[in-house]
file final-v3.cif (mmCIF, C-alpha atoms)
data_my_file
loop_
_atom_site.label_atom_id
_atom_site.label_comp_id
_atom_site.auth_asym_id
_atom_site.auth_seq_id
_atom_site.Cartn_x
_atom_site.Cartn_y
_atom_site.Cartn_z
CA MET A 98 6.06 -55.41 -6.17
CA ASP A 99 8.49 -54.79 -3.38
CA MET A 100 8.23 -51.62 -1.39
CA GLN A 101 10.91 -49.08 -2.14
CA VAL A 102 12.98 -48.73 0.97
CA ALA A 103 14.85 -45.50 1.35
CA LYS A 104 18.55 -46.27 1.31
CA LYS A 105 20.11 -45.63 4.67
CA LYS A 106 22.48 -42.70 4.66
CA LEU A 107 26.11 -43.49 5.22
CA GLY A 108 27.41 -42.84 8.71
CA LEU A 109 30.12 -40.29 9.31
CA LYS A 110 32.91 -42.86 9.39
CA GLU A 111 31.84 -44.60 6.19
CA ARG A 112 31.26 -41.30 4.43
CA TYR A 113 34.76 -40.19 5.32
CA GLN A 114 36.21 -43.45 4.00
CA VAL A 115 34.29 -43.19 0.74
CA MET A 116 35.16 -39.56 0.13
CA THR A 117 38.82 -39.49 1.13
CA ARG A 118 40.18 -42.86 0.07
CA GLY A 119 40.84 -44.38 -3.31
CA LEU A 120 41.08 -40.91 -4.83
CA ASP A 121 44.64 -41.31 -5.97
CA TRP A 122 46.08 -43.85 -8.40
CA THR A 123 49.16 -46.00 -8.61
CA PRO A 124 51.37 -44.66 -11.36
CA SER A 125 52.31 -47.09 -14.11
CA TYR A 126 55.02 -45.31 -16.11
CA GLN A 127 56.39 -42.82 -13.58
CA LYS A 128 58.22 -43.64 -10.41
CA MET A 129 56.56 -42.64 -7.11
CA GLU A 130 59.74 -40.86 -6.01
CA ASP A 131 59.65 -38.72 -9.14
CA ILE A 132 56.05 -37.72 -8.48
CA TYR A 133 56.68 -37.00 -4.77
CA PRO A 134 60.28 -35.81 -4.77
CA TYR A 135 60.22 -34.33 -1.24
CA ALA A 136 58.65 -37.27 0.57
CA ALA A 137 61.85 -39.08 1.60
CA TYR A 138 64.81 -36.73 1.95
CA GLU A 139 64.07 -35.56 5.49
CA GLY A 140 64.52 -39.12 6.74
CA ILE A 141 60.91 -39.65 7.86
CA LYS A 142 59.72 -43.16 7.09
CA ILE A 143 56.04 -43.80 6.32
CA HIS A 144 54.88 -47.35 5.61
CA ASP A 145 51.10 -46.99 5.29
CA TRP A 146 49.53 -43.64 4.46
CA ASP A 147 46.00 -45.01 4.85
CA LYS A 148 46.54 -45.28 8.60
CA TRP A 149 46.14 -41.53 8.79
CA GLU A 150 42.59 -40.46 9.58
CA ASP A 151 41.03 -37.07 10.26
CA PRO A 152 39.23 -37.46 13.60
CA PHE A 153 36.66 -34.82 12.60
CA ARG A 154 36.08 -36.83 9.44
CA LEU A 155 35.31 -33.69 7.51
CA THR A 156 34.70 -34.15 3.81
CA MET A 157 34.87 -31.46 1.13
CA ASP A 158 31.08 -31.07 0.74
CA ALA A 159 30.58 -30.50 4.48
CA TYR A 160 33.62 -28.22 4.54
CA TRP A 161 32.10 -25.80 2.00
CA LYS A 162 28.75 -25.84 3.78
CA TYR A 163 30.16 -24.87 7.18
CA GLN A 164 32.74 -22.43 5.86
CA ALA A 165 30.00 -20.60 3.92
CA GLU A 166 27.98 -20.32 7.12
CA LYS A 167 30.99 -18.90 8.98
CA GLU A 168 31.53 -16.33 6.24
CA ARG A 169 27.89 -15.25 6.33
CA LYS A 170 28.08 -14.66 10.07
CA LEU A 171 31.40 -12.87 9.78
CA TYR A 172 30.33 -10.46 7.07
CA ALA A 173 27.04 -9.66 8.81
CA ILE A 174 29.05 -8.48 11.82
CA ILE A 175 31.73 -6.69 9.82
CA ASP A 176 29.05 -4.81 7.84
CA ALA A 177 27.17 -3.86 10.98
CA TYR A 178 30.38 -2.69 12.62
CA ALA A 179 31.34 -0.50 9.66
CA GLN A 180 27.81 0.84 9.14
CA ASN A 181 27.52 1.88 12.76
CA ASN A 182 30.83 3.75 12.93
CA GLY A 183 32.10 1.00 15.18
CA HIS A 184 35.66 2.35 15.01
CA LEU A 185 34.53 5.21 17.27
CA ASN A 186 33.57 2.76 19.99
CA VAL A 187 36.88 1.15 20.76
CA THR A 188 37.96 1.84 24.31
CA ASP A 189 40.92 4.04 23.47
CA ALA A 190 42.83 5.10 20.36
CA ARG A 191 45.94 3.35 21.71
CA TYR A 192 44.18 0.06 21.18
CA LEU A 193 44.58 0.44 17.42
CA ASN A 194 48.34 -0.03 17.72
CA ALA A 195 47.68 -3.60 18.74
CA VAL A 196 45.61 -4.06 15.60
CA LYS A 197 48.40 -2.62 13.47
CA LEU A 198 50.78 -5.13 15.00
CA PHE A 199 48.33 -7.89 14.15
CA LEU A 200 47.92 -6.74 10.55
CA THR A 201 51.66 -6.40 9.91
CA GLY A 202 52.93 -9.32 11.97
CA ILE A 203 50.20 -11.97 11.72
CA SER A 204 48.03 -11.53 8.63
CA PRO A 205 50.91 -11.93 6.15
CA LEU A 206 51.78 -15.17 7.95
CA GLU A 207 48.28 -16.46 7.27
CA TYR A 208 48.97 -15.98 3.60
CA MET A 209 52.31 -17.77 3.91
CA ALA A 210 50.50 -20.61 5.67
CA HIS A 211 48.11 -20.81 2.72
CA ARG A 212 51.06 -21.20 0.38
CA GLY A 213 52.79 -23.68 2.64
CA PHE A 214 49.80 -26.00 2.98
CA ALA A 215 49.07 -25.84 -0.74
CA HIS A 216 52.66 -26.99 -1.26
CA VAL A 217 52.73 -29.85 1.26
CA GLY A 218 49.22 -30.91 0.20
CA ARG A 219 50.75 -31.56 -3.20
CA GLN A 220 53.84 -33.28 -1.83
CA PHE A 221 52.40 -35.84 0.61
CA PRO A 222 51.82 -39.21 -1.03
CA GLY A 223 48.78 -39.98 1.19
CA ALA A 224 45.24 -38.94 0.19
CA GLY A 225 43.96 -38.40 3.76
CA PRO A 226 46.50 -35.73 4.80
CA ARG A 227 46.29 -34.23 1.31
CA VAL A 228 42.57 -33.54 1.76
CA ALA A 229 43.20 -32.04 5.22
CA CYS A 230 46.06 -29.87 3.87
CA LEU A 231 43.83 -28.65 1.03
CA MET A 232 41.20 -27.54 3.56
CA GLN A 233 43.79 -25.86 5.72
CA SER A 234 45.29 -24.08 2.75
CA LEU A 235 41.85 -22.68 1.91
CA ASP A 236 41.27 -21.73 5.55
CA GLU A 237 44.51 -19.80 5.70
CA ILE A 238 43.79 -17.70 2.64
CA ARG A 239 40.34 -17.03 4.09
CA HIS A 240 41.99 -15.80 7.28
CA ALA A 241 44.34 -13.46 5.42
CA GLN A 242 41.46 -12.10 3.37
CA THR A 243 38.99 -11.64 6.21
CA GLN A 244 41.62 -9.97 8.40
CA ILE A 245 42.62 -7.53 5.68
CA HIS A 246 38.97 -6.94 4.83
CA SER A 247 37.89 -6.35 8.46
CA LEU A 248 40.76 -4.01 9.19
CA SER A 249 40.38 -2.07 5.95
CA ASN A 250 37.59 -0.16 7.67
CA TYR A 251 40.17 1.38 10.05
CA ASN A 252 42.30 2.33 7.08
CA LYS A 253 39.56 4.77 6.02
CA TYR A 254 39.96 6.77 9.21
CA TYR A 255 43.41 6.22 10.70
CA ASN A 256 47.03 6.27 9.61
CA GLY A 257 49.37 3.32 9.63
CA PHE A 258 47.18 0.61 8.07
CA HIS A 259 48.00 1.20 4.46
CA ASP A 260 51.13 -0.76 3.65
CA PHE A 261 51.33 -3.77 5.90
CA ARG A 262 52.90 -6.11 3.34
CA HIS A 263 55.64 -3.61 2.62
CA MET A 264 56.28 -3.19 6.36
CA LEU A 265 56.76 -6.90 6.92
CA GLU A 266 59.96 -6.84 4.92
CA ARG A 267 61.32 -3.62 6.42
CA VAL A 268 60.31 -3.10 10.05
CA TRP A 269 62.97 -4.71 12.20
CA TYR A 270 60.81 -6.38 14.82
CA LEU A 271 58.72 -7.91 12.05
CA SER A 272 61.81 -9.82 10.94
CA VAL A 273 60.88 -12.31 13.69
CA PRO A 274 57.50 -13.44 12.27
CA ARG A 275 58.74 -13.07 8.71
CA SER A 276 61.78 -15.25 9.20
CA PHE A 277 59.67 -17.80 11.11
CA PHE A 278 57.41 -18.48 8.16
CA ASP A 279 60.02 -18.03 5.44
CA ASP A 280 62.01 -20.79 7.08
CA ALA A 281 58.95 -22.98 7.64
CA VAL A 282 57.80 -22.90 4.02
CA THR A 283 61.28 -23.61 2.71
CA ALA A 284 61.63 -26.69 4.95
CA GLY A 285 60.59 -30.13 3.76
CA PRO A 286 56.91 -31.17 3.95
CA PHE A 287 57.24 -33.13 7.20
CA GLU A 288 59.20 -30.41 8.95
CA PHE A 289 56.63 -27.87 7.79
CA MET A 290 53.86 -29.99 9.27
CA VAL A 291 55.64 -30.31 12.61
CA ALA A 292 56.58 -26.62 12.60
CA ILE A 293 53.23 -25.16 11.63
CA GLY A 294 50.68 -27.92 12.07
CA PHE A 295 51.96 -29.04 15.44
CA SER A 296 54.29 -26.57 17.19
CA PHE A 297 52.53 -23.45 16.00
CA GLU A 298 48.90 -24.52 15.61
CA TYR A 299 48.60 -26.96 18.45
CA VAL A 300 50.96 -25.64 21.05
CA LEU A 301 50.83 -21.89 20.47
CA THR A 302 47.90 -20.69 18.36
CA ASN A 303 45.40 -20.59 21.23
CA LEU A 304 47.53 -17.88 22.79
CA LEU A 305 47.18 -15.80 19.69
CA PHE A 306 43.52 -16.20 18.91
CA VAL A 307 41.75 -16.89 22.16
CA PRO A 308 42.80 -14.45 24.94
CA PHE A 309 43.80 -11.61 22.63
CA VAL A 310 40.62 -11.86 20.59
CA SER A 311 38.48 -12.06 23.71
CA GLY A 312 40.36 -8.90 24.77
CA ALA A 313 39.50 -7.27 21.44
CA ALA A 314 35.82 -7.96 22.14
CA TYR A 315 36.23 -6.46 25.60
CA ASN A 316 37.69 -3.32 24.03
CA GLY A 317 34.82 -2.84 21.61
CA ASP A 318 36.56 -4.06 18.48
CA MET A 319 33.90 -6.25 16.91
CA GLY A 320 35.81 -6.50 13.64
CA THR A 321 38.81 -8.17 15.23
CA MET A 322 36.65 -10.24 17.55
CA THR A 323 34.67 -11.71 14.69
CA PHE A 324 37.54 -12.46 12.30
CA GLY A 325 39.55 -13.79 15.23
CA PHE A 326 36.98 -16.28 16.44
CA SER A 327 36.03 -17.18 12.90
CA ALA A 328 39.69 -17.97 12.20
CA GLN A 329 40.14 -19.85 15.45
CA SER A 330 37.16 -22.07 14.66
CA ASP A 331 39.24 -23.35 11.74
CA GLU A 332 42.22 -23.61 14.08
CA ALA A 333 40.39 -26.27 16.06
CA ARG A 334 40.60 -28.38 12.92
CA HIS A 335 44.20 -27.35 12.24
CA MET A 336 45.29 -28.27 15.74
CA THR A 337 43.68 -31.65 15.27
CA LEU A 338 45.52 -32.12 11.99
CA GLY A 339 48.80 -31.17 13.68
CA LEU A 340 48.29 -33.61 16.54
CA GLU A 341 47.17 -36.44 14.28
CA VAL A 342 50.12 -35.94 11.95
CA ILE A 343 52.58 -36.13 14.85
CA LYS A 344 50.95 -39.28 16.20
CA PHE A 345 50.84 -40.76 12.70
CA ILE A 346 54.53 -40.06 12.00
CA LEU A 347 55.59 -41.48 15.36
CA GLU A 348 53.49 -44.60 14.96
CA GLN A 349 54.85 -45.32 11.51
CA ASP A 350 58.51 -45.92 12.38
CA PRO A 351 60.67 -45.67 15.52
CA ASP A 352 63.42 -43.95 13.50
CA ASN A 353 61.15 -40.91 13.17
CA LEU A 354 61.25 -40.03 16.87
CA PRO A 355 64.61 -38.18 17.13
CA ILE A 356 63.90 -36.20 13.96
CA VAL A 357 60.48 -35.13 15.21
CA GLN A 358 61.81 -34.28 18.68
CA ARG A 359 64.45 -32.00 17.18
CA TRP A 360 61.81 -30.21 15.12
CA ILE A 361 59.55 -29.79 18.15
CA ASP A 362 62.42 -28.26 20.14
CA LYS A 363 63.35 -25.90 17.36
CA TRP A 364 59.89 -24.76 16.32
CA THR A 365 58.41 -24.36 19.78
CA TRP A 366 61.24 -22.00 20.62
CA ARG A 367 60.85 -20.06 17.40
CA GLY A 368 57.07 -19.94 17.78
CA TYR A 369 57.49 -18.60 21.29
CA ARG A 370 59.63 -15.81 19.84
CA VAL A 371 56.88 -14.93 17.35
CA LEU A 372 54.26 -14.91 20.08
CA THR A 373 56.17 -12.35 22.11
CA LEU A 374 54.41 -9.96 19.73
CA VAL A 375 51.11 -11.11 21.20
CA GLY A 376 52.53 -10.74 24.71
CA MET A 377 53.31 -7.16 23.82
CA MET A 378 49.78 -6.63 22.51
CA MET A 379 48.15 -8.13 25.59
CA ASP A 380 50.27 -6.59 28.29
CA TYR A 381 50.92 -3.15 26.89
CA MET A 382 48.34 -2.38 24.24
CA LEU A 383 44.91 -3.37 25.55
CA PRO A 384 43.37 -0.40 27.38
CA LYS A 385 41.01 -2.80 29.18
CA ARG A 386 42.69 -6.08 29.98
CA ILE A 387 41.13 -9.48 30.48
CA MET A 388 44.22 -11.42 31.47
CA SER A 389 47.96 -10.90 31.39
CA TRP A 390 50.27 -12.66 28.99
CA LYS A 391 51.61 -14.59 31.95
CA GLU A 392 48.15 -15.85 32.89
CA ALA A 393 47.37 -16.73 29.28
CA TRP A 394 50.67 -18.60 29.09
CA GLU A 395 49.80 -20.59 32.19
CA VAL A 396 46.39 -21.61 30.86
CA TYR A 397 47.20 -22.29 27.24
CA PHE A 398 50.83 -23.33 27.30
CA GLU A 399 51.64 -24.76 30.70
CA GLU A 400 48.32 -26.44 31.44
CA ASN A 401 47.25 -27.37 27.95
CA GLY A 402 50.71 -27.92 26.45
CA GLY A 403 51.67 -29.85 29.58
CA ALA A 404 48.72 -32.22 29.08
CA LEU A 405 49.68 -32.63 25.44
CA PHE A 406 53.28 -33.57 26.14
CA LYS A 407 52.21 -35.92 28.91
CA ASP A 408 49.99 -37.64 26.34
CA LEU A 409 52.80 -37.83 23.78
CA ALA A 410 55.24 -39.30 26.31
CA ARG A 411 53.96 -42.77 25.33
CA TYR A 412 55.70 -42.25 21.98
CA GLY A 413 58.93 -41.18 23.67
CA ILE A 414 58.41 -37.46 23.05
CA ARG A 415 59.58 -35.17 25.84
CA PRO A 416 58.54 -31.52 26.34
CA PRO A 417 60.42 -29.05 24.14
CA LYS A 418 63.88 -27.86 25.15
CA TRP A 419 64.38 -24.43 26.64
CA LEU A 420 61.13 -24.43 28.56
CA ASP A 421 63.05 -23.03 31.53
CA GLN A 422 64.11 -20.04 29.44
CA ILE A 423 60.56 -19.57 28.22
CA SER A 424 59.19 -19.61 31.77
CA PHE A 425 61.87 -17.12 32.77
CA GLY A 426 60.86 -14.83 29.93
CA ARG A 427 57.19 -14.82 30.72
CA ALA A 428 57.67 -14.51 34.48
CA TYR A 429 59.88 -11.49 34.15
CA ARG A 430 57.71 -9.79 31.61
CA ILE A 431 59.96 -10.03 28.63
CA PRO A 432 56.94 -10.36 26.45
CA ALA A 433 58.51 -8.90 23.42
CA GLY A 434 61.70 -10.70 22.56
CA CYS A 435 61.90 -7.82 20.18
CA LEU A 436 62.32 -5.37 23.05
CA VAL A 437 65.32 -6.75 24.80
CA GLY A 438 68.01 -6.23 22.28
CA ARG A 439 70.02 -7.89 19.62
CA ARG A 440 70.68 -11.19 21.34
CA SER A 441 67.06 -12.15 21.67
CA THR A 442 66.36 -11.44 18.04
CA ARG A 443 68.54 -14.40 17.16
CA TRP A 444 65.31 -16.28 16.95
CA ASN A 445 66.79 -19.31 15.24
CA GLU A 446 69.12 -20.24 18.07
CA GLY A 447 68.76 -21.46 21.61
CA PRO A 448 68.34 -18.69 24.14
CA PHE A 449 71.88 -18.33 25.35
CA SER A 450 73.93 -19.76 22.57
CA SER A 451 76.34 -17.29 21.04
CA MET B 264 44.79 -36.41 35.17
CA SER B 265 45.09 -33.75 32.46
CA THR B 266 42.41 -31.25 31.57
CA VAL B 267 40.66 -31.10 28.20
CA PHE B 268 38.66 -28.10 27.11
CA ILE B 269 36.27 -26.83 24.47
CA ALA B 270 35.73 -23.11 23.85
CA LEU B 271 32.63 -21.76 22.12
CA GLN B 272 31.41 -18.32 21.13
CA THR B 273 28.74 -16.91 23.41
CA ASN B 274 25.54 -16.64 21.38
CA ASP B 275 22.06 -18.05 20.97
CA ASP B 276 23.27 -21.01 18.93
CA THR B 277 25.65 -22.17 21.62
CA ARG B 278 23.51 -21.66 24.73
CA PRO B 279 21.72 -25.03 24.40
CA ILE B 280 24.99 -26.72 23.38
CA ILE B 281 26.74 -25.43 26.49
CA GLY B 282 23.79 -26.53 28.64
CA ALA B 283 23.89 -30.02 27.11
CA ILE B 284 27.65 -30.35 27.63
CA LEU B 285 27.43 -29.29 31.26
CA GLU B 286 24.58 -31.71 31.93
CA ASP B 287 26.33 -34.65 30.26
CA ASN B 288 29.64 -33.92 31.99
CA PRO B 289 28.96 -33.19 35.66
CA HIS B 290 32.71 -32.88 36.32
CA ALA B 291 33.09 -30.05 33.77
CA ARG B 292 33.69 -26.45 34.85
CA LEU B 293 32.24 -23.45 33.05
CA ASN B 294 34.63 -20.56 32.57
CA GLU B 295 32.97 -17.44 31.14
CA GLN B 296 35.10 -14.83 29.36
CA PRO B 297 34.25 -11.85 27.13
CA ALA B 298 32.41 -13.13 24.03
CA MET B 299 33.31 -16.76 24.75
CA VAL B 300 32.95 -19.64 27.18
CA LYS B 301 35.57 -22.23 27.92
CA ILE B 302 34.50 -25.55 29.39
CA ASP B 303 37.27 -27.42 31.20
CA ALA B 304 37.04 -31.05 32.26
CA GLU B 305 39.40 -33.50 33.85
CA GLY B 306 40.47 -36.26 31.46
CA ARG B 307 37.46 -36.48 29.18
CA LEU B 308 34.57 -34.45 27.77
CA VAL B 309 31.68 -35.75 25.68
CA VAL B 310 29.38 -33.71 23.43
CA ARG B 311 26.21 -35.71 22.71
CA ARG B 312 24.02 -35.05 19.72
CA SER B 313 20.89 -36.40 21.42
CA SER B 314 21.24 -34.04 24.39
CA ILE B 315 21.58 -31.03 22.11
CA GLU B 316 18.61 -32.14 19.98
CA GLU B 317 16.49 -32.50 23.07
CA ARG B 318 17.17 -28.88 23.96
CA ILE B 319 16.81 -27.28 20.53
CA GLY B 320 13.90 -29.41 19.33
CA ARG B 321 15.32 -30.19 15.91
CA ASP B 322 17.84 -32.49 14.26
CA PHE B 323 21.41 -31.46 14.88
CA ASP B 324 24.52 -32.50 13.01
CA LEU B 325 27.53 -32.49 15.32
CA GLN B 326 29.59 -30.93 12.56
CA GLU B 327 27.46 -27.79 13.02
CA LEU B 328 29.64 -27.28 16.08
CA HIS B 329 32.41 -26.01 13.79
CA ILE B 330 30.47 -22.81 13.15
CA ASN B 331 30.68 -21.56 16.72
CA LEU B 332 33.66 -23.55 17.93
CA ILE B 333 36.64 -21.44 19.03
CA SER B 334 39.10 -24.02 20.19
CA LEU B 335 39.56 -27.33 21.94
CA SER B 336 42.20 -29.65 23.30
CA GLY B 337 42.72 -33.37 23.68
CA ASN B 338 42.57 -36.31 21.34
CA ILE B 339 39.38 -36.13 19.32
CA ASP B 340 37.02 -38.82 18.22
CA GLU B 341 33.89 -37.88 16.35
CA SER B 342 31.03 -40.10 15.25
CA ASP B 343 27.46 -39.31 14.21
CA ASP B 344 26.34 -39.33 17.85
CA GLU B 345 29.24 -38.08 19.95
CA LEU B 346 32.30 -35.90 19.90
CA THR B 347 34.79 -36.99 22.55
CA LEU B 348 37.84 -35.12 23.78
CA SER B 349 40.28 -37.04 25.94
CA TRP B 350 43.86 -37.26 27.17
CA GLY B 351 45.27 -40.75 27.46
CA ALA B 352 47.77 -40.05 30.22
#

call {"tool": "encode", "arguments": {"input": "final-v3.cif", "output": "structure tokens"}}
result
Amino acid sequence: MDMQVAKKKLGLKERYQVMTRGLDWTPSYQKMEDIYPYAAYEGIKIHDWDKWEDPFRLTMDAYWKYQAEKERKLYAIIDAYAQNNGHLNVTDARYLNAVKLFLTGISPLEYMAHRGFAHVGRQFPGAGPRVACLMQSLDEIRHAQTQIHSLSNYNKYYNGFHDFRHMLERVWYLSVPRSFFDDAVTAGPFEFMVAIGFSFEYVLTNLLFVPFVSGAAYNGDMGTMTFGFSAQSDEARHMTLGLEVIKFILEQDPDNLPIVQRWIDKWTWRGYRVLTLVGMMMDYMLPKRIMSWKEAWEVYFEENGGALFKDLARYGIRPPKWLDQISFGRAYRIPAGCLVGRRSTRWNEGPFSS
Amino acid sequence: MSTVFIALQTNDDTRPIIGAILEDNPHARLNEQPAMVKIDAEGRLVVRRSSIEERIGRDFDLQELHINLISLSGNIDESDDELTLSWGA
């Protein structure tokens, strides 16, 4: 009798192929355009959806395993923080204003991102990006929940944490983040991907979650530090999705380039306007600072974004418009677009258009 | 040449990973910040499973990196043995 030989496990690449391809079917009595009604109207042309591949090659089973581990770590720290009266150990009471800004301006956007990715995950005809959008949709609702959960401990002791969702629709400076995501989720699926997956996640999200969250740690706020880094660990995957989607769209058809460029211009500018909130938090609200908004901008936007756009130049993409205005804003400490008056709250226009 | 980076939380899980990355990429620079480290490298950075396994003395799945990963940049290619970050230009 032959020896039983243990079957060799599939490698990462094969496993990804097996678990993300051939999951959908070709409809027989419905038209594709009826099943995916939003796939064509933006003018983006896709010829072969199977060309899209997640470079992390994460499959659903591995996703649950690692997300569960992140949650276990997160809740261990949140529990310890609450049990040890951690709220008394932040550097200064003023610091909590930054956290209120986060809870009102950012956390509701996480929830909107969850809704947005659930929607485009349904609307893309390709199985690969659908799987990635499903994971991102789950990540985003996890972020909203863990942020609300972590910060609920402050709500037991301090005023101003109780009604963040209500505030989002009423506080005037929050109209900037609110309008940003309301417009993104009502765009078509490709524009949403460029707006959120690429312009926001890839180009701008490091500025939100890396220096500010490191600053939270430096100011004794373990709750924010842990949900922030836990969220950003998913962002690494989201940024990759955003970059891959851009490359995929541009490789599929030359007609896609001008449409994508226009979206990059528009959404980088609008994202910059949202992030002025973070500039405010970093420059004015951290009692102990680790770096200024200007320094963070140089590291994460100019250096990192510069490398990105240099890489994308081979597709014909140029850096987003209005970079000169953005550099002007950060050099002259106009961190909060929301602080400099009516004109700058016209977040959906170019900087000096009337 | 553009810079790629990988940022990891500072803890016991990542110490051997950071050591392995720095050894495998002599051109990389370590940048320590509160609660995190950022490793910058010109052009290309490789994370090797075998180097990490040698340090921790057990099998390691590169996807375990996700647990303590904060952020990264560059085009990514991951296989069972290596995670590579690179900029083409």

call {"tool": "closest_atom_pairs", "arguments": {"input": "final-v3.cif", "of": "chain B", "to": "chain A", "cutoff": "7 Å", "atoms": "all atoms listed in the file", "output": "Markdown table"}}
result
| residue | atom | partner | partner_atom | distance |
| --- | --- | --- | --- | --- |
| B:Ser265 | CA | A:Ala404 | CA | 5.2 |
| B:Thr266 | CA | A:Ala404 | CA | 6.9 |
| B:Pro297 | CA | A:Ser311 | CA | 5.4 |
| B:Ala298 | CA | A:Ser311 | CA | 6.2 |
| B:His329 | CA | A:Ser330 | CA | 6.2 |
| B:Ile330 | CA | A:Lys167 | CA | 5.7 |
| B:Asn331 | CA | A:Ser330 | CA | 6.8 |
| B:Leu332 | CA | A:Ser330 | CA | 5.0 |
| B:Ile333 | CA | A:Ser330 | CA | 4.4 |
| B:Ser334 | CA | A:Ala333 | CA | 4.9 |
| B:Leu335 | CA | A:Ala333 | CA | 6.0 |
| B:Ile339 | CA | A:Pro152 | CA | 5.9 |
| B:Asp340 | CA | A:Pro152 | CA | 5.3 |
| B:Glu341 | CA | A:Phe153 | CA | 5.6 |
| B:Ser342 | CA | A:Leu109 | CA | 6.0 |
| B:Asp343 | CA | A:Leu109 | CA | 5.7 |
| B:Trp350 | CA | A:Asp408 | CA | 6.2 |
| B:Gly351 | CA | A:Asp408 | CA | 5.8 |
| B:Ala352 | CA | A:Asp408 | CA | 5.1 |

call {"tool": "write_last_selection", "arguments": {"input": "final-v3.cif", "atoms": "C-alpha atoms", "output": "PDB file, in the frame of the given file"}}
result
ATOM      1  CA  SER B 265      45.090 -33.750  32.460  1.00  0.00           C
ATOM      2  CA  THR B 266      42.410 -31.250  31.570  1.00  0.00           C
ATOM      3  CA  PRO B 297      34.250 -11.850  27.130  1.00  0.00           C
ATOM      4  CA  ALA B 298      32.410 -13.130  24.030  1.00  0.00           C
ATOM      5  CA  HIS B 329      32.410 -26.010  13.790  1.00  0.00           C
ATOM      6  CA  ILE B 330      30.470 -22.810  13.150  1.00  0.00           C
ATOM      7  CA  ASN B 331      30.680 -21.560  16.720  1.00  0.00           C
ATOM      8  CA  LEU B 332      33.660 -23.550  17.930  1.00  0.00           C
ATOM      9  CA  ILE B 333      36.640 -21.440  19.030  1.00  0.00           C
ATOM     10  CA  SER B 334      39.100 -24.020  20.190  1.00  0.00           C
ATOM     11  CA  LEU B 335      39.560 -27.330  21.940  1.00  0.00           C
ATOM     12  CA  ILE B 339      39.380 -36.130  19.320  1.00  0.00           C
ATOM     13  CA  ASP B 340      37.020 -38.820  18.220  1.00  0.00           C
ATOM     14  CA  GLU B 341      33.890 -37.880  16.350  1.00  0.00           C
ATOM     15  CA  SER B 342      31.030 -40.100  15.250  1.00  0.00           C
ATOM     16  CA  ASP B 343      27.460 -39.310  14.210  1.00  0.00           C
ATOM     17  CA  TRP B 350      43.860 -37.260  27.170  1.00  0.00           C
ATOM     18  CA  GLY B 351      45.270 -40.750  27.460  1.00  0.00           C
ATOM     19  CA  ALA B 352      47.770 -40.050  30.220  1.00  0.00           C
TER      20      ALA B 352
END

call {"tool": "atom_distance", "arguments": {"input": "final-v3.cif", "atom1": "CA of Ala224 (chain A)", "atom2": "CA of Asp145 (chain A)"}}
result
11.2 Å

call {"tool": "resolve_selection", "arguments": {"input": "final-v3.cif", "expression": "the PyMOL selection byres ((chain A and resi 258) around 12)", "output": "mmCIF file with C-alpha atoms, keeping the file's coordinate frame"}}
result
data_model
loop_
_atom_site.group_PDB
_atom_site.id
_atom_site.type_symbol
_atom_site.label_atom_id
_atom_site.label_comp_id
_atom_site.auth_asym_id
_atom_site.auth_seq_id
_atom_site.Cartn_x
_atom_site.Cartn_y
_atom_site.Cartn_z
ATOM 1 C CA LEU A 193 44.580 0.440 17.420
ATOM 2 C CA ASN A 194 48.340 -0.030 17.720
ATOM 3 C CA ALA A 195 47.680 -3.600 18.740
ATOM 4 C CA VAL A 196 45.610 -4.060 15.600
ATOM 5 C CA LYS A 197 48.400 -2.620 13.470
ATOM 6 C CA LEU A 198 50.780 -5.130 15.000
ATOM 7 C CA PHE A 199 48.330 -7.890 14.150
ATOM 8 C CA LEU A 200 47.920 -6.740 10.550
ATOM 9 C CA THR A 201 51.660 -6.400 9.910
ATOM 10 C CA GLN A 244 41.620 -9.970 8.400
ATOM 11 C CA ILE A 245 42.620 -7.530 5.680
ATOM 12 C CA HIS A 246 38.970 -6.940 4.830
ATOM 13 C CA SER A 247 37.890 -6.350 8.460
ATOM 14 C CA LEU A 248 40.760 -4.010 9.190
ATOM 15 C CA SER A 249 40.380 -2.070 5.950
ATOM 16 C CA ASN A 250 37.590 -0.160 7.670
ATOM 17 C CA TYR A 251 40.170 1.380 10.050
ATOM 18 C CA ASN A 252 42.300 2.330 7.080
ATOM 19 C CA LYS A 253 39.560 4.770 6.020
ATOM 20 C CA TYR A 254 39.960 6.770 9.210
ATOM 21 C CA TYR A 255 43.410 6.220 10.700
ATOM 22 C CA ASN A 256 47.030 6.270 9.610
ATOM 23 C CA GLY A 257 49.370 3.320 9.630
ATOM 24 C CA HIS A 259 48.000 1.200 4.460
ATOM 25 C CA ASP A 260 51.130 -0.760 3.650
ATOM 26 C CA PHE A 261 51.330 -3.770 5.900
ATOM 27 C CA ARG A 262 52.900 -6.110 3.340
ATOM 28 C CA HIS A 263 55.640 -3.610 2.620
ATOM 29 C CA MET A 264 56.280 -3.190 6.360
#

call {"tool": "resolve_selection", "arguments": {"input": "final-v3.cif", "expression": "the PyMOL selection byres ((chain A and resi 142) around 8)", "output": "list in words"}}
result
Ala137, Gly140, Ile141, Ile143, His144, Ile346, Gln349, Asp350, Asp352 and Asn353 of chain A

call {"tool": "atom_distance", "arguments": {"input": "final-v3.cif", "atom1": "CA of Val217 (chain A)", "atom2": "CA of Asp147 (chain A)"}}
result
17.0 Å
